[in-house]
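**Q** Handing over entry.txt, compact mmCIF, C-alpha atoms and all ligand atoms.
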```
# COMPACT_ATOMS: atom_id res chain seq x y z
CA MET A 1 144.82 185.84 -50.04
CA HIS A 2 144.49 184.00 -46.81
CA ASP A 3 141.85 183.21 -44.23
CA ILE A 4 142.32 184.30 -40.66
CA LEU A 5 141.33 181.33 -38.51
CA PRO A 6 140.36 181.50 -34.81
CA GLU A 7 143.86 180.59 -33.58
CA GLU A 8 145.33 183.49 -35.59
CA GLN A 9 142.97 186.11 -34.22
CA LYS A 10 144.95 186.66 -31.05
CA TYR A 11 147.84 188.09 -33.08
CA TYR A 12 145.62 190.58 -34.90
CA GLN A 13 143.95 191.49 -31.61
CA LYS A 14 147.25 192.01 -29.82
CA ILE A 15 148.60 194.24 -32.60
CA TYR A 16 145.33 196.18 -32.73
CA GLU A 17 145.43 196.71 -28.99
CA VAL A 18 149.02 198.03 -29.00
CA VAL A 19 148.43 200.24 -32.06
CA SER A 20 145.18 201.73 -30.78
CA ASN A 21 146.67 202.51 -27.35
CA ILE A 22 149.64 204.25 -28.92
CA ALA A 23 147.39 206.12 -31.38
CA ASP A 24 145.34 207.31 -28.44
CA PHE A 25 148.37 208.46 -26.52
CA TYR A 26 149.73 210.49 -29.45
CA GLY A 27 146.32 212.02 -30.20
CA PHE A 28 145.45 210.29 -33.49
CA GLY A 29 141.79 209.84 -34.49
CA LYS A 30 140.76 206.61 -36.20
CA ILE A 31 139.58 206.69 -39.81
CA GLU A 32 138.06 203.97 -41.97
CA THR A 33 137.67 204.40 -45.69
CA PRO A 34 135.91 202.08 -48.15
CA VAL A 35 137.92 199.20 -49.62
CA LEU A 36 136.78 200.34 -53.07
CA GLU A 37 137.80 203.73 -54.45
CA GLU A 38 137.84 205.30 -57.88
CA THR A 39 140.79 203.98 -59.84
CA GLU A 40 141.90 207.51 -60.64
CA LEU A 41 142.60 208.24 -56.98
CA PHE A 42 145.40 205.68 -56.99
CA SER A 43 146.69 206.18 -60.53
CA LYS A 44 147.00 209.90 -59.82
CA GLY A 45 148.12 209.63 -56.21
CA ILE A 46 150.53 206.71 -56.32
CA GLY A 47 151.76 207.40 -59.86
CA LEU A 48 151.15 205.78 -63.24
CA ALA A 49 154.71 204.54 -63.57
CA THR A 50 154.77 202.66 -60.26
CA ASP A 51 154.61 198.87 -60.03
CA VAL A 52 151.59 199.17 -57.74
CA VAL A 53 149.52 201.06 -60.32
CA LYS A 54 150.86 199.32 -63.42
CA GLU A 55 150.75 195.74 -62.22
CA GLN A 56 149.29 195.25 -58.80
CA MET A 57 145.86 196.85 -58.62
CA TYR A 58 142.62 194.89 -58.57
CA ASN A 59 140.56 196.99 -60.96
CA LEU A 60 136.93 196.54 -61.92
CA LYS A 61 134.31 198.26 -63.99
CA THR A 62 130.85 198.52 -62.47
CA LYS A 63 127.59 198.04 -64.39
CA GLY A 64 127.20 201.81 -64.25
CA GLY A 65 130.54 202.27 -66.01
CA ASP A 66 132.64 203.41 -63.02
CA PHE A 67 136.26 202.27 -62.77
CA LEU A 68 136.99 201.17 -59.24
CA THR A 69 140.00 199.67 -57.47
CA LEU A 70 140.43 197.64 -54.30
CA ARG A 71 142.57 199.84 -52.07
CA PRO A 72 146.26 198.89 -52.45
CA GLU A 73 147.19 201.32 -49.65
CA TRP A 74 145.58 203.89 -47.35
CA THR A 75 147.43 207.17 -47.86
CA ALA A 76 145.62 208.31 -51.01
CA PRO A 77 142.15 207.44 -49.55
CA VAL A 78 142.99 209.23 -46.29
CA VAL A 79 144.05 212.35 -48.18
CA ARG A 80 140.87 212.10 -50.30
CA ALA A 81 138.80 212.03 -47.11
CA TYR A 82 140.81 214.91 -45.62
CA ILE A 83 139.91 217.03 -48.65
CA GLN A 84 136.33 215.76 -49.01
CA TYR A 85 135.35 216.51 -45.40
CA GLY A 86 137.04 219.92 -45.29
CA MET A 87 139.57 218.83 -42.69
CA GLN A 88 141.91 221.45 -44.12
CA SER A 89 139.91 224.07 -42.21
CA LEU A 90 140.26 222.27 -38.86
CA SER A 91 143.07 223.11 -36.50
CA GLN A 92 146.22 221.61 -38.04
CA PRO A 93 147.77 219.14 -37.99
CA VAL A 94 145.04 216.55 -38.39
CA LYS A 95 146.33 213.22 -37.14
CA LEU A 96 144.68 210.03 -38.38
CA TRP A 97 145.32 206.32 -37.98
CA TYR A 98 143.86 203.20 -39.59
CA PHE A 99 143.90 199.41 -39.43
CA GLY A 100 142.51 197.24 -42.21
CA PRO A 101 143.05 195.14 -45.33
CA CYS A 102 144.76 196.21 -48.57
CA TYR A 103 144.94 194.41 -51.89
CA ARG A 104 147.84 194.07 -54.30
CA TYR A 105 148.22 191.58 -57.10
CA GLU A 106 151.74 190.56 -56.03
CA ARG A 107 153.93 187.84 -57.46
CA GLN A 108 153.79 185.02 -54.92
CA GLN A 109 156.82 185.12 -52.65
CA ALA A 110 157.66 185.14 -48.95
CA GLY A 111 156.18 188.07 -47.08
CA ARG A 112 154.01 189.23 -49.99
CA TYR A 113 150.30 188.60 -49.88
CA ARG A 114 147.51 189.67 -52.15
CA GLN A 115 145.32 190.63 -49.24
CA PHE A 116 147.30 191.96 -46.29
CA TRP A 117 146.45 194.18 -43.36
CA GLN A 118 148.10 197.49 -42.73
CA PHE A 119 148.02 199.84 -39.82
CA GLY A 120 149.21 203.34 -40.40
CA PHE A 121 149.46 206.90 -39.15
CA GLU A 122 149.16 210.11 -41.15
CA VAL A 123 149.90 213.66 -39.94
CA LEU A 124 148.29 216.18 -42.30
CA GLY A 125 149.01 219.91 -42.26
CA GLU A 126 152.42 219.88 -40.58
CA LYS A 127 155.62 220.76 -42.37
CA GLY A 128 158.02 220.63 -39.41
CA SER A 129 160.55 217.82 -39.33
CA VAL A 130 159.41 216.86 -35.83
CA ALA A 131 156.35 215.21 -37.44
CA ASP A 132 158.55 212.95 -39.58
CA ALA A 133 160.61 212.02 -36.53
CA GLN A 134 157.51 211.34 -34.45
CA ILE A 135 156.01 209.07 -37.10
CA ILE A 136 159.20 207.02 -37.18
CA GLN A 137 159.27 206.94 -33.40
CA ILE A 138 155.66 205.73 -33.24
CA PHE A 139 156.36 202.77 -35.54
CA HIS A 140 159.47 201.91 -33.61
CA ASN A 141 157.57 202.11 -30.31
CA ILE A 142 154.80 199.84 -31.59
CA LEU A 143 157.22 197.20 -32.79
CA GLU A 144 159.12 197.37 -29.53
CA GLU A 145 155.92 197.13 -27.54
CA LEU A 146 155.22 193.95 -29.52
CA LYS A 147 158.54 192.69 -28.14
CA LEU A 148 160.33 192.92 -31.48
CA LYS A 149 163.91 193.92 -30.87
CA ASN A 150 166.84 194.15 -33.30
CA LEU A 151 165.13 196.75 -35.43
CA ILE A 152 166.85 199.13 -37.79
CA ILE A 153 165.41 202.21 -39.42
CA GLN A 154 166.60 202.91 -42.95
CA ILE A 155 166.21 206.54 -43.85
CA ASN A 156 166.86 208.80 -46.82
CA SER A 157 165.69 212.05 -48.35
CA ILE A 158 164.63 212.12 -51.98
CA GLY A 159 164.39 215.91 -52.14
CA ASP A 160 161.51 217.91 -53.58
CA ASN A 161 160.52 219.70 -56.78
CA ASN A 162 163.37 222.14 -56.24
CA CYS A 163 166.23 219.74 -56.15
CA ARG A 164 164.99 216.36 -57.38
CA PRO A 165 164.61 217.21 -61.11
CA TYR A 166 168.26 218.22 -61.30
CA TYR A 167 169.36 215.10 -59.45
CA LYS A 168 167.28 212.94 -61.75
CA LYS A 169 168.98 214.48 -64.77
CA LEU A 170 172.37 213.74 -63.25
CA LEU A 171 171.35 210.16 -62.55
CA VAL A 172 169.94 209.62 -66.05
CA SER A 173 173.06 210.91 -67.70
CA TYR A 174 175.23 208.73 -65.45
CA LEU A 175 173.12 205.64 -66.21
CA ARG A 176 172.83 206.28 -69.95
CA GLY A 177 176.54 205.72 -70.30
CA ARG A 178 176.12 202.33 -68.59
CA GLU A 179 172.74 201.27 -69.96
CA THR A 180 173.98 198.10 -71.64
CA SER A 181 175.14 196.73 -68.27
CA LEU A 182 171.80 197.34 -66.52
CA CYS A 183 169.21 194.60 -65.96
CA LEU A 184 166.14 194.58 -68.21
CA ASP A 185 163.89 196.18 -65.60
CA CYS A 186 166.34 198.99 -64.95
CA LYS A 187 166.60 199.74 -68.67
CA ARG A 188 162.86 200.40 -68.52
CA ARG A 189 163.13 202.28 -65.21
CA LEU A 190 165.76 204.54 -66.75
CA ARG A 191 163.07 205.90 -69.04
CA GLU A 192 160.03 205.71 -66.79
CA ASN A 193 161.05 206.08 -63.15
CA VAL A 194 164.78 206.52 -62.86
CA LEU A 195 164.96 206.70 -59.04
CA ARG A 196 163.76 203.10 -58.83
CA VAL A 197 167.06 201.97 -60.39
CA LEU A 198 168.58 202.83 -57.02
CA ASP A 199 166.68 200.14 -55.14
CA CYS A 200 167.16 197.39 -57.75
CA LYS A 201 168.28 194.15 -56.11
CA GLU A 202 169.87 192.60 -59.24
CA GLU A 203 173.52 191.71 -58.86
CA LYS A 204 174.61 193.37 -62.12
CA CYS A 205 173.10 196.72 -61.14
CA GLN A 206 174.87 196.89 -57.77
CA ILE A 207 178.26 197.93 -59.11
CA ILE A 208 176.68 200.62 -61.26
CA LYS A 209 174.62 201.91 -58.32
CA ARG A 210 177.63 202.13 -56.06
CA GLU A 211 179.30 204.71 -58.28
CA ALA A 212 176.12 206.66 -59.04
CA PRO A 213 175.66 210.26 -57.85
CA GLN A 214 173.83 210.36 -54.52
CA ILE A 215 170.82 212.52 -53.86
CA LEU A 216 172.00 213.55 -50.39
CA ASP A 217 174.83 215.46 -52.10
CA HIS A 218 172.32 217.36 -54.22
CA LEU A 219 169.55 218.38 -51.83
CA CYS A 220 168.48 222.03 -51.82
CA ASP A 221 169.02 223.97 -48.58
CA GLU A 222 165.47 223.46 -47.35
CA CYS A 223 165.49 219.68 -47.92
CA HIS A 224 168.96 219.44 -46.47
CA SER A 225 168.11 221.18 -43.20
CA HIS A 226 164.78 219.30 -42.91
CA PHE A 227 166.66 216.01 -43.19
CA LYS A 228 169.41 217.09 -40.80
CA GLU A 229 166.82 218.02 -38.18
CA ILE A 230 165.18 214.60 -38.41
CA LEU A 231 168.50 212.87 -37.90
CA GLU A 232 169.11 215.09 -34.88
CA PHE A 233 165.71 214.08 -33.45
CA LEU A 234 166.53 210.42 -34.01
CA ASP A 235 169.92 210.85 -32.33
CA GLU A 236 168.27 212.60 -29.42
CA THR A 237 165.72 209.81 -28.91
CA GLY A 238 168.36 207.11 -29.41
CA LEU A 239 166.54 205.36 -32.26
CA PRO A 240 168.77 203.04 -34.32
CA TYR A 241 169.01 204.20 -37.94
CA ASN A 242 171.11 203.83 -41.08
CA LEU A 243 171.37 206.41 -43.82
CA ASN A 244 170.47 204.52 -46.96
CA PRO A 245 171.07 206.59 -50.11
CA TYR A 246 169.40 203.88 -52.21
CA LEU A 247 166.07 203.98 -50.40
CA VAL A 248 163.52 205.59 -52.75
CA ARG A 249 160.25 203.63 -52.09
CA GLY A 250 157.77 202.37 -54.63
CA LEU A 251 155.12 205.10 -54.47
CA ASP A 252 155.55 208.36 -56.35
CA TYR A 253 154.00 210.78 -53.87
CA TYR A 254 157.00 211.12 -51.60
CA THR A 255 158.96 214.32 -51.08
CA LYS A 256 161.93 214.73 -48.73
CA THR A 257 161.91 212.00 -46.07
CA VAL A 258 161.50 208.29 -46.82
CA PHE A 259 162.01 205.52 -44.30
CA GLU A 260 161.59 201.79 -43.77
CA ILE A 261 161.96 199.64 -40.68
CA PHE A 262 163.52 196.18 -40.79
CA PHE A 263 164.07 193.33 -38.40
CA THR A 264 167.78 192.55 -38.56
CA LYS A 265 168.29 189.18 -36.91
CA SER A 266 167.75 185.87 -38.63
CA VAL A 267 165.49 183.54 -36.68
CA GLU A 268 166.07 179.81 -37.13
CA LYS A 269 168.06 180.51 -40.28
CA GLU A 270 165.17 182.48 -41.71
CA ASN A 271 166.06 185.98 -42.81
CA PHE A 272 163.43 188.67 -42.62
CA LEU A 273 164.34 190.68 -45.65
CA ASN A 274 161.07 192.52 -46.12
CA ALA A 275 160.34 195.85 -44.49
CA LEU A 276 157.96 195.71 -41.53
CA ALA A 277 156.95 199.33 -42.03
CA GLY A 278 157.59 202.18 -44.42
CA GLY A 279 156.56 205.72 -45.10
CA GLY A 280 157.69 209.27 -45.52
CA ARG A 281 156.65 212.81 -46.34
CA TYR A 282 154.21 213.64 -49.14
CA ASP A 283 153.83 217.42 -49.33
CA LYS A 284 152.38 217.46 -52.87
CA LEU A 285 149.71 214.77 -52.61
CA ALA A 286 146.77 216.84 -51.31
CA LYS A 287 147.16 219.39 -54.13
CA LEU A 288 147.53 216.62 -56.69
CA LEU A 289 144.22 215.17 -55.51
CA GLY A 290 142.41 218.50 -55.82
CA GLY A 291 142.90 220.01 -52.36
CA LYS A 292 144.94 222.90 -51.03
CA GLU A 293 148.68 222.46 -50.77
CA THR A 294 149.15 220.52 -47.50
CA SER A 295 152.38 219.34 -45.97
CA ALA A 296 151.99 215.84 -44.61
CA CYS A 297 153.81 212.70 -43.61
CA GLY A 298 153.00 209.21 -42.43
CA GLY A 299 153.75 205.54 -42.60
CA ALA A 300 152.20 202.09 -42.62
CA ALA A 301 153.18 198.65 -41.38
CA GLY A 302 152.31 195.17 -42.64
CA VAL A 303 150.38 193.19 -40.02
CA GLU A 304 151.07 189.72 -41.53
CA ARG A 305 154.81 190.38 -41.66
CA ILE A 306 154.75 191.35 -38.00
CA ILE A 307 152.70 188.27 -37.13
CA LYS A 308 155.14 186.02 -38.96
CA LEU A 309 157.92 187.41 -36.81
CA MET A 310 155.89 187.10 -33.62
CA LYS A 311 155.29 183.45 -34.46
CA ASN A 312 158.93 182.80 -35.25
CA LEU A 313 159.94 184.37 -31.98
CA GLU A 314 157.35 182.17 -30.25
CA MET A 315 155.64 185.05 -28.59
CA LYS A 316 153.57 184.05 -25.57
CA PHE A 317 150.09 185.38 -24.88
CA PRO A 318 148.43 185.43 -21.46
CA LYS A 319 146.00 182.52 -21.30
CA GLU A 320 142.42 183.43 -22.00
CA ALA A 321 140.17 183.45 -18.97
CA GLU A 322 138.83 179.92 -18.65
CA ALA A 323 135.24 179.07 -17.94
CA GLN A 324 134.61 178.37 -14.27
CA VAL A 325 131.05 177.14 -14.57
CA PHE A 326 129.59 174.44 -16.83
CA LEU A 327 125.86 174.32 -17.35
CA THR A 328 124.35 170.89 -18.06
CA GLN A 329 120.73 170.19 -18.92
CA LEU A 330 118.47 167.20 -19.37
CA GLY A 331 115.13 167.28 -21.16
CA VAL A 332 113.25 169.80 -23.31
CA LEU A 333 112.07 172.13 -20.56
CA ALA A 334 115.51 172.19 -18.93
CA LYS A 335 117.16 173.02 -22.27
CA LYS A 336 114.77 175.93 -22.76
CA LYS A 337 115.47 177.27 -19.27
CA SER A 338 119.22 176.77 -19.76
CA LEU A 339 119.32 179.18 -22.69
CA ARG A 340 117.88 181.93 -20.51
CA LEU A 341 120.08 181.04 -17.60
CA LEU A 342 123.20 181.21 -19.74
CA GLU A 343 122.22 184.78 -20.66
CA ASP A 344 121.89 185.64 -16.94
CA PHE A 345 125.42 184.35 -16.37
CA ARG A 346 126.74 186.35 -19.34
CA ARG A 347 125.18 189.53 -17.94
CA ALA A 348 126.71 188.78 -14.55
CA LYS A 349 130.09 188.41 -16.34
CA ILE A 350 130.63 184.86 -15.10
CA LYS A 351 132.37 182.85 -17.79
CA THR A 352 130.07 179.88 -18.28
CA THR A 353 130.14 177.20 -20.92
CA GLU A 354 127.80 174.42 -22.05
CA ALA A 355 127.29 171.55 -24.46
CA PHE A 356 123.65 172.17 -25.42
CA GLY A 357 124.11 170.03 -28.54
CA ARG A 358 124.57 166.94 -26.36
CA ASP A 359 121.60 165.33 -24.69
CA SER A 360 123.25 162.72 -22.48
CA LEU A 361 124.30 163.97 -19.07
CA LYS A 362 127.35 161.73 -19.19
CA ALA A 363 128.64 163.31 -22.39
CA GLN A 364 128.09 166.77 -20.94
CA LEU A 365 129.90 165.91 -17.71
CA ASN A 366 132.80 164.44 -19.70
CA LYS A 367 133.21 167.75 -21.46
CA ALA A 368 133.00 169.64 -18.16
CA ASN A 369 135.74 167.38 -16.76
CA ARG A 370 137.96 167.96 -19.76
CA LEU A 371 137.61 171.75 -19.37
CA GLY A 372 138.54 171.53 -15.70
CA VAL A 373 135.73 173.84 -14.51
CA LYS A 374 135.26 174.53 -10.81
CA TYR A 375 131.47 174.09 -10.74
CA VAL A 376 128.92 172.14 -12.75
CA LEU A 377 125.28 173.16 -12.70
CA ILE A 378 122.77 170.38 -13.37
CA LEU A 379 119.32 171.28 -14.56
CA GLY A 380 117.37 168.02 -14.93
CA GLN A 381 113.69 167.51 -15.74
CA LYS A 382 112.71 167.44 -12.04
CA GLU A 383 114.65 170.61 -11.23
CA ALA A 384 113.26 172.39 -14.29
CA LEU A 385 109.73 171.63 -13.08
CA GLU A 386 110.48 172.66 -9.50
CA GLY A 387 112.39 175.80 -10.43
CA THR A 388 115.62 174.60 -8.79
CA ILE A 389 119.12 173.62 -9.94
CA ILE A 390 121.96 171.48 -8.57
CA ILE A 391 125.36 173.05 -7.96
CA LYS A 392 128.17 170.53 -7.95
CA ASN A 393 131.58 171.54 -6.60
CA MET A 394 134.01 169.62 -8.80
CA GLY A 395 136.84 169.90 -6.28
CA SER A 396 135.05 168.47 -3.23
CA GLY A 397 132.34 166.57 -5.09
CA LYS A 398 129.71 168.20 -2.79
CA GLN A 399 126.26 168.96 -4.22
CA GLU A 400 123.59 171.42 -3.12
CA ILE A 401 120.21 172.40 -4.52
CA VAL A 402 119.32 176.08 -4.87
CA LYS A 403 116.42 178.02 -6.36
CA LEU A 404 116.90 178.72 -10.06
CA ASP A 405 116.45 182.47 -9.65
CA LYS A 406 119.12 182.54 -6.93
CA VAL A 407 121.78 180.51 -8.73
CA VAL A 408 123.61 183.44 -10.38
CA GLY A 409 123.91 185.27 -7.06
CA THR A 410 125.05 182.10 -5.26
CA MET A 411 127.67 181.37 -7.90
CA LYS A 412 128.94 184.93 -7.71
CA LYS A 413 129.54 184.47 -3.97
CA ARG A 414 131.14 181.03 -4.39
CA LEU A 415 133.53 182.25 -7.10
CA LYS A 416 134.44 185.36 -5.10
CA LYS A 417 135.29 183.16 -2.12
CA LEU A 418 137.34 180.87 -4.36
CA LYS A 419 139.27 183.86 -5.68
CA SER A 420 140.00 185.21 -2.20
CA GLU A 421 141.29 181.78 -1.12
CA ALA A 422 143.58 181.44 -4.15
P1 LIG B 1 154.25 200.35 -48.47
O1 LIG B 1 155.73 200.30 -48.22
O2 LIG B 1 153.81 200.01 -49.83
O3 LIG B 1 153.77 201.80 -48.08
O4 LIG B 1 153.52 199.41 -47.44
C1 LIG B 1 153.73 199.54 -46.06
C2 LIG B 1 153.95 198.19 -45.42
O5 LIG B 1 152.89 197.31 -45.78
C3 LIG B 1 155.21 197.48 -45.88
O6 LIG B 1 156.36 197.89 -45.15
C4 LIG B 1 154.87 196.04 -45.61
O7 LIG B 1 155.12 195.71 -44.25
C5 LIG B 1 153.37 195.98 -45.86
N1 LIG B 1 153.12 195.43 -47.20
C6 LIG B 1 153.13 196.05 -48.38
N2 LIG B 1 152.82 195.20 -49.38
C7 LIG B 1 152.60 194.00 -48.81
C8 LIG B 1 152.22 192.71 -49.30
N3 LIG B 1 151.98 192.48 -50.57
N4 LIG B 1 152.09 191.70 -48.40
C9 LIG B 1 152.30 191.90 -47.09
N5 LIG B 1 152.65 193.10 -46.56
C10 LIG B 1 152.79 194.13 -47.41
C11 LIG B 1 152.49 202.22 -48.14
O8 LIG B 1 151.55 201.51 -48.36
C12 LIG B 1 152.33 203.69 -47.83
N6 LIG B 1 150.90 204.03 -47.94
C13 LIG B 1 152.86 204.00 -46.45
C14 LIG B 1 152.70 205.45 -46.09
C15 LIG B 1 151.76 205.96 -45.28
N7 LIG B 1 153.43 206.44 -46.55
C16 LIG B 1 152.97 207.57 -46.03
N8 LIG B 1 151.96 207.30 -45.28
```
Before we go any further, please render this structure as structure tokens.
Ligand code: HAM
**A**
Amino acid sequence: MHDILPEEQKYYQKIYEVVSNIADFYGFGKIETPVLEETELFSKGIGLATDVVKEQMYNLKTKGGDFLTLRPEWTAPVVRAYIQYGMQSLSQPVKLWYFGPCYRYERQQAGRYRQFWQFGFEVLGEKGSVADAQIIQIFHNILEELKLKNLIIQINSIGDNNCRPYYKKLLVSYLRGRETSLCLDCKRRLRENVLRVLDCKEEKCQIIKREAPQILDHLCDECHSHFKEILEFLDETGLPYNLNPYLVRGLDYYTKTVFEIFFTKSVEKENFLNALAGGGRYDKLAKLLGGKETSACGGAAGVERIIKLMKNLEMKFPKEAEAQVFLTQLGVLAKKKSLRLLEDFRRAKIKTTEAFGRDSLKAQLNKANRLGVKYVLILGQKEALEGTIIIKNMGSGKQEIVKLDKVVGTMKKRLKKLKSEA
């Protein structure tokens, strides 16, 4: 888990800004759910045989005997909220987006964190393939808006309850004959979660996978035409995609469409092998969690992975507005008055800075010089008593004395003039 220090904040803010604007445009409402949920929500929703549930959840038992889990992902909590607040009776689809931290006890490796931020979009109550295509388009648009080019969408369909059981049988019988050549993990997957054999990265499993039956050849008519329509949408919008028959994803709730988005170029010899975003359709999840049957699809992206890329690509940010006024003070009364005055400047939206912790005028002026401000205000003991203040123009060196209660108005005029001359 990592801290997010001040210099990192601009990346999170930039991503948040792009995501929230796009969410707004496409009519998504923001949702926040608690970081702690009942463990059962995830074990049921994500699936007992998945790596996330078996190995990666931060579970705890409360004093009251409840079993809770730090959210490893948002889809199950969003569906829980959809059911809990009766959103099934609203006009469908209900479109929700989110931005916040998730927790997974991952093995330490590049691109995998134990606390990481996700943003995501979920469309609930829509079975048409246009929703799947739009979700993919939204993620692609966001990444492009963040100036990430060279993206590729990997897409597959893993069928539904009609066609997947038959395909799984075919796959099991194919793999059984080759079990001795599989890696240790895949031997286990063969019994527990056979589809996951397809996305194994071990060398020895690649040859076996290559010859394996492919799900796309065994989709039922409905899944087949749903998938075909999505590809047609993607062709129409010109989004770059690859059909990847080995893409199955690590969460059990998916039906039909699954997708992931990758960055394809290596930057300074560093390859970005991890997906930036992933998602798909999950038509059975709402029913599984106790609601009505609800067709739905969505996706989520990893904020830290995106930030890593932005840093590697040396993304530039517009410089933050710099302070134009520096407020110096000398003596107890002046310091007291300065605090109030600073508030007046804040309300007037004039970026003003200070060094209230320093008592010597010289030290304060040094700081003002370093910051390169246009004006320094000097509130000494005499001025504080008289209710005046000195304005010093740092460019010309000229000084003038004005009434304290007029200084904000005067500075407003001076800065406006400066702006019009620039
Ligand atoms: P996921 O593929 O597990 O899907 O996570 C989505 C994204 O979160 C990944 O593509 C990756 O960028 C980021 N991510 C996942 N784990 C980590 C980690 N340990 N460290 C850093 N980044 C990570 C889901 O979570 C689904 N809920 C997505 C979804 C939404 N499907 C339908 N709706």
**Q** For A:Met87, work out the shell of residues within 12 Å, counting only C-alpha atoms and skipping chain neighbours fewer than 6 positions away, then give it as JSON, numbers by chain.
**A** {"A": [78, 79, 80, 81, 93, 94, 95, 96, 123, 124, 125, 286, 291, 292, 294]}
**Q** How close does each residue of chain A get to ligand LIG 1 (chain B), giving the shortest atom pair and distance in Å to one decimal for every residue with an atom at most 8 Å away, counting only C-alpha atoms and all ligand atoms, sorted by chain and residue number, as a Markdown table?
**A**
```
| residue | atom | partner | partner_atom | distance |
| --- | --- | --- | --- | --- |
| A:Pro72 | CA | B:LIG1 | O8 | 7.2 |
| A:Glu73 | CA | B:LIG1 | O8 | 4.6 |
| A:Trp74 | CA | B:LIG1 | N6 | 5.4 |
| A:Thr75 | CA | B:LIG1 | N6 | 4.7 |
| A:Ala76 | CA | B:LIG1 | N6 | 7.5 |
| A:Tyr103 | CA | B:LIG1 | N3 | 7.4 |
| A:Arg104 | CA | B:LIG1 | N3 | 5.8 |
| A:Tyr105 | CA | B:LIG1 | N3 | 7.6 |
| A:Glu106 | CA | B:LIG1 | N3 | 5.8 |
| A:Gly111 | CA | B:LIG1 | C9 | 5.5 |
| A:Arg112 | CA | B:LIG1 | N4 | 3.5 |
| A:Tyr113 | CA | B:LIG1 | N4 | 3.9 |
| A:Arg114 | CA | B:LIG1 | N3 | 5.5 |
| A:Gln115 | CA | B:LIG1 | N4 | 6.9 |
| A:Phe116 | CA | B:LIG1 | C9 | 5.1 |
| A:Trp117 | CA | B:LIG1 | N5 | 7.1 |
| A:Gln118 | CA | B:LIG1 | O5 | 5.7 |
| A:Gly120 | CA | B:LIG1 | C15 | 6.1 |
| A:Phe121 | CA | B:LIG1 | C15 | 6.6 |
| A:Glu122 | CA | B:LIG1 | N8 | 5.7 |
| A:Arg249 | CA | B:LIG1 | O1 | 6.8 |
| A:Gly250 | CA | B:LIG1 | O2 | 6.7 |
| A:Leu251 | CA | B:LIG1 | O2 | 7.0 |
| A:Tyr254 | CA | B:LIG1 | C16 | 7.7 |
| A:Glu260 | CA | B:LIG1 | O6 | 6.7 |
| A:Ile261 | CA | B:LIG1 | O6 | 7.4 |
| A:Asn274 | CA | B:LIG1 | O7 | 7.0 |
| A:Ala275 | CA | B:LIG1 | O6 | 4.5 |
| A:Leu276 | CA | B:LIG1 | O7 | 3.9 |
| A:Ala277 | CA | B:LIG1 | O6 | 3.5 |
| A:Gly278 | CA | B:LIG1 | O6 | 4.5 |
| A:Gly279 | CA | B:LIG1 | N7 | 3.5 |
| A:Gly280 | CA | B:LIG1 | C16 | 5.0 |
| A:Arg281 | CA | B:LIG1 | C16 | 6.4 |
| A:Tyr282 | CA | B:LIG1 | C16 | 6.9 |
| A:Cys297 | CA | B:LIG1 | C16 | 5.7 |
| A:Gly298 | CA | B:LIG1 | N8 | 3.6 |
| A:Gly299 | CA | B:LIG1 | C15 | 3.4 |
| A:Ala300 | CA | B:LIG1 | C13 | 4.3 |
| A:Ala301 | CA | B:LIG1 | C2 | 4.1 |
| A:Gly302 | CA | B:LIG1 | O7 | 3.3 |
| A:Val303 | CA | B:LIG1 | O7 | 6.8 |
| A:Glu304 | CA | B:LIG1 | C9 | 6.1 |
| A:Arg305 | CA | B:LIG1 | O7 | 5.9 |
| A:Ile306 | CA | B:LIG1 | O7 | 7.6 |
```
**Q** One decimal, Å: what's the distance from atom CA of A:Glu343 over to atom CA of A:Tyr11, could you say?
**A**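 Calculated distance between atom CA of A:Glu343 and atom CA of A:Tyr11 is 28.7 Å.
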**Q** Could you state the separation of atom CA of A:Gln381 and atom CA of A:Lys335 in Å, given to one decimal place?
**A**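 Atom CA of A:Lys335 lies 9.2 Å from atom CA of A:Gln381.
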**Q** Need the shell around stretch 394-398 of chain A: protein/DNA/RNA residues with any atom at most 9 Å away, counting all atoms listed in the file. Skip same-chain ones fewer than 4 positions apart. Format as a ChimeraX atom specification?
**A** /A:369,372-376
**Q** Now that the selection is made, can you save its residues with C-alpha atoms as a PDB file, in the coordinates of the input?
**A**
```pdb
ATOM      1  CA  ASN A 369     135.740 167.380 -16.760  1.00  0.00           C
ATOM      2  CA  GLY A 372     138.540 171.530 -15.700  1.00  0.00           C
ATOM      3  CA  VAL A 373     135.730 173.840 -14.510  1.00  0.00           C
ATOM      4  CA  LYS A 374     135.260 174.530 -10.810  1.00  0.00           C
ATOM      5  CA  TYR A 375     131.470 174.090 -10.740  1.00  0.00           C
ATOM      6  CA  VAL A 376     128.920 172.140 -12.750  1.00  0.00           C
TER       7      VAL A 376
END
```
**Q** Using all atoms listed in the file, which protein or nucleic acid residues come within 12 Å of A:Ser360? Drop anything in the same chain fewer than 5 positions from it, and give the result as an MDAnalysis selection string.
**A** chainID A and resid 328:331 335 355 365:367 378 380
**Q** Residues within 8 Å of stretch 344-351 of chain A, please, as a list in words. Count only C-alpha atoms; anything in the same chain fewer than 4 positions from it doesn't count.
**A**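 Near neighbours after the sequence-gap exclusion: Ala321, Glu322, Ala323, Gln324, Val325, Arg340, Val408 and Lys412 of chain A.
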**Q** Find the residues near A:Ile142: any atom within 9 Å, counting all atoms listed in the file, skip ones fewer than 6 places away on the same chain, and give them as JSON, numbers by chain.
**A** {"A": [15, 18, 19, 22, 148]}
**Q** Counting only C-alpha atoms, figure out which residue out of A:Phe233, A:Phe28, A:Tyr174, A:Tyr85 gets nearest to A:Gly128.
**A**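 Checking each candidate against A:Gly128, we get A:Phe233 as the closest.
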